[in-house]
Amino acid sequence: MDRPFCFFISTSQERFTNRPSVIPDKDNTYAKKYWVMDCSLASENILLAAHALGCGALWTAVFPEKDRMNSVRDILSIPENIIPLNVIPVGVPVKKDEAPKDKFKEENIHWEKW
């Protein structure tokens, strides 16, 4: 089974700076049903890998916003059968010694029951 995603990586200042994009091929039969989940998992792996390397990274949503999808398609010359899911800027944090923002909320954890 083919994986329903591919990656576009650009280091060009005219396009994006070190921003991988996770892009599914909507002609892939398997992808028609599960592409958002599969591509989201691939995106999370990029985010985790960036963190492990000491880089900062941020999921920037593209899909399902038509204007964003069209902009990314135009900038990257992506064909119509390819759906841009997101753009992930990756870089070195300016404030390297500053801890990342802690977004954990204890009240969002439910043990054994809701």
# chains A, B, ... in the order shown; residues from 1 in each chain; ligands from 1
call {"tool": "residues_around", "arguments": {"residues": "segment 55-62 of chain A", "least_positions_apart": "6", "cutoff": "12 Å", "atoms": "only C-alpha atoms", "output": "ChimeraX atom specification"}}
result
/A:17-23,36,39-49,68-73,83-96,98-101
call {"tool": "write_last_selection", "arguments": {"atoms": "C-alpha atoms", "output": "compact mmCIF listing (two decimals), in the first residue's frame"}}
result
# COMPACT_ATOMS: atom_id res chain seq x y z
CA THR A 17 12.47 29.06 4.84
CA ASN A 18 13.02 25.43 5.88
CA ARG A 19 9.31 24.65 5.91
CA PRO A 20 8.34 21.11 5.12
CA SER A 21 4.82 20.72 3.85
CA VAL A 22 2.89 17.48 4.21
CA ILE A 23 0.98 16.92 1.00
CA VAL A 36 -5.91 13.55 7.11
CA CYS A 39 -0.63 13.08 7.12
CA SER A 40 -1.28 14.49 10.59
CA LEU A 41 0.79 11.66 12.10
CA ALA A 42 3.58 12.34 9.59
CA SER A 43 3.40 16.02 10.56
CA GLU A 44 3.68 15.17 14.25
CA ASN A 45 6.79 13.12 13.48
CA ILE A 46 8.33 16.17 11.78
CA LEU A 47 7.50 18.30 14.84
CA LEU A 48 8.99 15.69 17.22
CA ALA A 49 12.12 15.31 15.08
CA ARG A 68 -4.59 28.94 1.89
CA MET A 69 -4.53 25.81 -0.26
CA ASN A 70 -4.49 27.89 -3.42
CA SER A 71 -1.72 30.15 -2.08
CA VAL A 72 0.50 27.19 -1.18
CA ARG A 73 -0.24 25.55 -4.54
CA ILE A 83 -3.80 18.72 -1.37
CA PRO A 84 -1.53 20.82 0.86
CA LEU A 85 -2.39 19.93 4.46
CA ASN A 86 0.01 22.21 6.29
CA VAL A 87 3.26 24.13 6.26
CA ILE A 88 5.71 23.55 9.09
CA PRO A 89 8.31 26.28 9.60
CA VAL A 90 11.44 24.78 11.16
CA GLY A 91 14.27 26.83 12.58
CA VAL A 92 16.53 27.60 15.48
CA PRO A 93 14.74 29.44 18.28
CA VAL A 94 15.96 33.00 18.85
CA LYS A 95 15.75 32.57 22.61
CA LYS A 96 17.51 29.21 22.91
CA GLU A 98 14.07 30.13 27.20
CA ALA A 99 11.87 27.13 28.02
CA PRO A 100 8.98 26.41 25.64
CA LYS A 101 5.56 27.62 26.74
call {"tool": "atom_distance", "arguments": {"atom1": "atom CA of Ala50 of chain A", "atom2": "atom CA of Phe8 of chain A"}}
result
15.8 Å
call {"tool": "closest_residue", "arguments": {"among": "A:Met37, A:Glu106, A:Leu53, A:Ile75", "to": "Ser10 of chain A", "atoms": "only C-alpha atoms"}}
result
A:Ile75
call {"tool": "select_by_dssp", "arguments": {"residues": "segment 21-104 of chain A", "states": "helix (DSSP H, G or I)", "output": "PyMOL selection string"}}
result
chain A and resi 31-52+66-76
call {"tool": "write_last_selection", "arguments": {"atoms": "C-alpha atoms", "output": "mmCIF file, in the first residue's frame"}}
result
data_model
loop_
_atom_site.group_PDB
_atom_site.id
_atom_site.type_symbol
_atom_site.label_atom_id
_atom_site.label_comp_id
_atom_site.auth_asym_id
_atom_site.auth_seq_id
_atom_site.Cartn_x
_atom_site.Cartn_y
_atom_site.Cartn_z
ATOM 1 C CA ALA A 31 -5.747 8.361 0.967
ATOM 2 C CA LYS A 32 -9.328 9.239 0.088
ATOM 3 C CA LYS A 33 -10.486 7.866 3.428
ATOM 4 C CA TYR A 34 -7.554 8.232 5.827
ATOM 5 C CA TRP A 35 -5.271 10.920 4.420
ATOM 6 C CA VAL A 36 -5.910 13.545 7.110
ATOM 7 C CA MET A 37 -5.016 11.123 9.918
ATOM 8 C CA ASP A 38 -1.972 9.689 8.134
ATOM 9 C CA CYS A 39 -0.633 13.076 7.123
ATOM 10 C CA SER A 40 -1.276 14.489 10.595
ATOM 11 C CA LEU A 41 0.786 11.662 12.096
ATOM 12 C CA ALA A 42 3.576 12.337 9.594
ATOM 13 C CA SER A 43 3.401 16.019 10.563
ATOM 14 C CA GLU A 44 3.677 15.173 14.250
ATOM 15 C CA ASN A 45 6.786 13.118 13.479
ATOM 16 C CA ILE A 46 8.335 16.170 11.779
ATOM 17 C CA LEU A 47 7.498 18.296 14.836
ATOM 18 C CA LEU A 48 8.994 15.692 17.216
ATOM 19 C CA ALA A 49 12.122 15.313 15.082
ATOM 20 C CA ALA A 50 12.610 19.083 14.984
ATOM 21 C CA HIS A 51 12.288 19.241 18.769
ATOM 22 C CA ALA A 52 14.761 16.364 19.205
ATOM 23 C CA LYS A 66 -9.361 27.047 -0.014
ATOM 24 C CA ASP A 67 -7.521 30.392 -0.070
ATOM 25 C CA ARG A 68 -4.587 28.941 1.887
ATOM 26 C CA MET A 69 -4.525 25.805 -0.263
ATOM 27 C CA ASN A 70 -4.486 27.889 -3.424
ATOM 28 C CA SER A 71 -1.719 30.151 -2.085
ATOM 29 C CA VAL A 72 0.497 27.191 -1.182
ATOM 30 C CA ARG A 73 -0.242 25.551 -4.538
ATOM 31 C CA ASP A 74 0.720 28.750 -6.365
ATOM 32 C CA ILE A 75 3.891 29.394 -4.341
ATOM 33 C CA LEU A 76 5.133 25.804 -4.625
#
